[in-house]
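Reviewing the structure listed below.
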Amino acid sequence: MSDLISTIATGVWTPVLFLLILGGLFFFLYSRFIPYKYFGHAVAILRGKFNNPNDPGQINAYEALSTALASTVGMGNIAGVAAAISMGGPGALFWMWVTAFVGMSTNFFTSSLSVMYRGKDSAGTIQGGPMYVIREALNKSYYPLAVLFSVCAMIGCLPIFQANQLTQVIIDIGVTSETFKNATFDFIGFTISTPKFIIGTLLMIISGFVIIGGIQRIGKWAGKMVPLMIVIYFLSVLIIIILNIQDIPHYLWMVITDAFAANNYRGEPALGGIVGGLIVAGVRRASFSNEAGIGTAPMALGASKSAEPIREGLVSMLSPAIDTLLVCTLTALAILVTDVWQTSGANGVTLTSTAFETSLGITGKYLLLMCAFFFAVTSLFSYSYYGNKAMSFLAGVKAGVYYNYFYLATIVLGAILSMTDVMNIIDVAYALMALPTMLSGFLLAPKVLAEARSYFMRMKEEGKL
């Protein structure tokens, strides 16, 4: 069954890979580089310079980006990057960079649309996201795409990967008793790890406290925890890099050369060869990490208090930059310069843990445990919002409430499942979410560009640029 799931995931991702990379390149060129020219303006928006509490929406731009980052800057940055390096070697990071760079333009277009074409849910609350864009801006023949996106979001945004990897790092680092680590119990014919079940249950309880409070509570908690977790992680990895500074130039050069040679690729060939397989591995992991083109960021930014869609597009553009170009790069360099990617047989979060311990000793392990906890828990908060929103679109707000309870239950399920199967299931759902998001972005790109030209002209006339 695992082999079948893996084959399906690879088969689905091959065409979606071209869609995300070539689609992002299209947005990059079509935008005339506008998102990149106004990077400083995006930071000013994020800092609250243009906040207006009377604008429609539910949370401010900072809280919306924090919610988006809470899902993107998560276990994908610790475990997903490690999985990419262990399979593809240094070259995988290069293709993650490419995906993120063009993904900034993708987020600009898709998140701008999410505010331009907001709709109302069954309770009359203004909402945004690819499904609402399709319903409000395109004719009825495109409505099945909105349904496809919502169904896949309900699956792809389940917390099984985050719960799985956080549970693993807690057991690897925080549990010292071998007897407890190996303890199991039987349930309806299945053998279940006792520590994984206990950890998963505790995570479910912690997450439930925030999730049941809705997007306002999620946004507030994310706004407090995301900056803290990024700073702690950044400082920890910076120490590892400084301790191994002499190896940085070598590995940065190797990231570029190995991207086209694929000398360290250990996976299956794709797109006609091993380089193609490396590209697929890098793009899959980057897309899972920064989610550009997948449609999750537009759902978060669609809740922003804003009357200017372009502002939310600019803020959303920052997400892939922070997630992949900064945080994922830090993780990859920590793994590379410590050589654990070659000397350790570990994978996922265990490989990152080994890198931290190699350079920082026992302190490194516990720093990673703290970072992993913040990364995973904030992801658990924000993903629940996405799945709830998708369910509410399909079956009404009341049904969305029931999804929250289903979501919380799957935290325990994710804690005890196999990582390989978990990643492939999520990958398939994510790939299918990209189809409606990117297609609606292509069809409505002229609307975004016209709105952008109007917005920047007004800002210049008002002296705000």
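In the structure tokens, each chain is lettered A, B, ... as it comes, each chain's residues begin at 1, and ligands are numbered from 1 in order of appearance.
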Pick out the residues sitting within 8 Å of region 404-412 of chain A, and hand them over as a JSON list (two decimals) with N, CA and C atoms, in the first residue's frame; count only C-alpha atoms, and ignore anything fewer than 3 positions along from it in its own chain.
[["chain", "number", "residue", "atom", "x", "y", "z"],
["A", 158, "LEU", "N", -5.13, 18.58, 7.14],
["A", 158, "LEU", "CA", -5.18, 17.80, 8.38],
["A", 158, "LEU", "C", -3.79, 17.82, 9.04],
["A", 159, "PRO", "N", -3.73, 17.71, 10.36],
["A", 159, "PRO", "CA", -2.48, 17.94, 11.09],
["A", 159, "PRO", "C", -1.61, 16.70, 11.25],
["A", 160, "ILE", "N", -1.80, 15.69, 10.41],
["A", 160, "ILE", "CA", -1.13, 14.41, 10.65],
["A", 160, "ILE", "C", 0.40, 14.51, 10.51],
["A", 163, "ALA", "N", 1.77, 16.58, 13.66],
["A", 163, "ALA", "CA", 1.66, 15.77, 14.86],
["A", 163, "ALA", "C", 2.65, 14.61, 14.84],
["A", 197, "PHE", "N", 0.85, 7.81, 21.56],
["A", 197, "PHE", "CA", -0.56, 8.03, 21.83],
["A", 197, "PHE", "C", -0.74, 9.10, 22.91],
["A", 199, "ILE", "N", 1.42, 11.52, 23.80],
["A", 199, "ILE", "CA", 1.84, 12.83, 23.28],
["A", 199, "ILE", "C", 0.79, 13.40, 22.33],
["A", 200, "GLY", "N", 0.26, 12.54, 21.46],
["A", 200, "GLY", "CA", -0.77, 12.98, 20.53],
["A", 200, "GLY", "C", -2.01, 13.49, 21.25],
["A", 201, "THR", "N", -2.39, 12.82, 22.31],
["A", 201, "THR", "CA", -3.56, 13.24, 23.08],
["A", 201, "THR", "C", -3.33, 14.59, 23.74],
["A", 203, "LEU", "N", -1.26, 16.95, 22.71],
["A", 203, "LEU", "CA", -1.25, 17.95, 21.64],
["A", 203, "LEU", "C", -2.68, 18.30, 21.23],
["A", 204, "MET", "N", -3.54, 17.32, 21.18],
["A", 204, "MET", "CA", -4.94, 17.55, 20.83],
["A", 204, "MET", "C", -5.60, 18.49, 21.84],
["A", 207, "SER", "N", -4.12, 22.10, 21.43],
["A", 207, "SER", "CA", -4.61, 22.72, 20.19],
["A", 207, "SER", "C", -6.09, 23.09, 20.30],
["A", 208, "GLY", "N", -6.85, 22.23, 20.97],
["A", 208, "GLY", "CA", -8.28, 22.48, 21.10],
["A", 208, "GLY", "C", -8.59, 23.78, 21.82],
["A", 211, "ILE", "N", -8.00, 26.40, 18.95],
["A", 211, "ILE", "CA", -8.77, 26.18, 17.72],
["A", 211, "ILE", "C", -10.26, 26.48, 17.90],
["A", 212, "ILE", "N", -10.83, 26.07, 19.00],
["A", 212, "ILE", "CA", -12.27, 26.27, 19.21],
["A", 212, "ILE", "C", -12.61, 27.76, 19.27],
["A", 384, "SER", "N", -6.12, 24.17, 11.10],
["A", 384, "SER", "CA", -7.51, 23.92, 11.46],
["A", 384, "SER", "C", -8.42, 24.97, 10.85],
["A", 388, "ASN", "N", -11.46, 24.11, 8.34],
["A", 388, "ASN", "CA", -12.78, 24.57, 8.80],
["A", 388, "ASN", "C", -13.43, 25.46, 7.73],
["A", 400, "GLY", "N", -18.71, 23.37, 9.69],
["A", 400, "GLY", "CA", -17.31, 23.72, 9.95],
["A", 400, "GLY", "C", -16.92, 23.50, 11.39],
["A", 401, "VAL", "N", -17.84, 23.72, 12.29],
["A", 401, "VAL", "CA", -17.57, 23.50, 13.72],
["A", 401, "VAL", "C", -17.30, 22.03, 13.98],
["A", 415, "ALA", "N", -0.02, 11.19, 15.14],
["A", 415, "ALA", "CA", 1.09, 10.90, 16.04],
["A", 415, "ALA", "C", 1.55, 9.45, 15.94],
["A", 416, "ILE", "N", 0.68, 8.55, 15.52],
["A", 416, "ILE", "CA", 1.03, 7.13, 15.54],
["A", 416, "ILE", "C", 1.22, 6.53, 14.14]]
Residues at most 9 Å from Ile335 (chain A), counting only C-alpha atoms, excluding those fewer than 2 positions away in the same chain, as a list of chain:residue names? A:Ala82, A:Ile85, A:Leu330, A:Thr331, A:Ala332, A:Leu333, A:Val337, A:Thr338, A:Asp339, A:Val340, A:Trp341, A:Leu351, A:Thr352, A:Thr354, A:Ala355, A:Phe356
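Between Leu25 (chain A) and the candidates A:Tyr403, A:Phe190, A:Phe101, A:Phe373, the tightest atom-to-atom separation, counting only C-alpha atoms, involves A:Phe101.
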Compare A:Ile239, A:Met87, A:Leu368, A:Ala390 by their minimum atom-to-atom distance to Met433 (chain A), counting only C-alpha atoms, and give me the closest one. A:Ala390
Would you mind listing what lies within 12 Å of Leu444 (chain A) as a list in words, with only C-alpha atoms counted and same-chain residues fewer than 5 positions away left out?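 What passes the distance filter is Phe27, Phe109, Thr110, Ser111, Ser112, Leu113, Ser114, Met116, Tyr117, Pro130, Val133, Ile134, Glu136, Ala137, Leu138, Thr437, Met438, Leu439, Leu449, Ala450 and Glu451 of chain A.
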Can you check which residues of region 51-293 of chain A DSSP gives as helix (DSSP H, G or I) on the backbone and send them as a PyMOL selection string? chain A and resi 61-72+75-88+91-116+130-137+140-156+160-174+178-181+194-211+214-243+245-261+274-290
Report as an MDAnalysis selection string all protein, DNA and RNA residues lying within 12 Å of region 120-128 of chain A, evaluated on only C-alpha atoms, omitting residues in the same chain fewer than 2 positions from it. chainID A and resid 55:59 64 110:118 130:137 215 295:306 309 312 385:386 388:400
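Shortest atom-to-atom contact with Val280 (chain A) among A:Ala445, A:Val102, A:Ala44, A:Met96: A:Met96, counting only C-alpha atoms.
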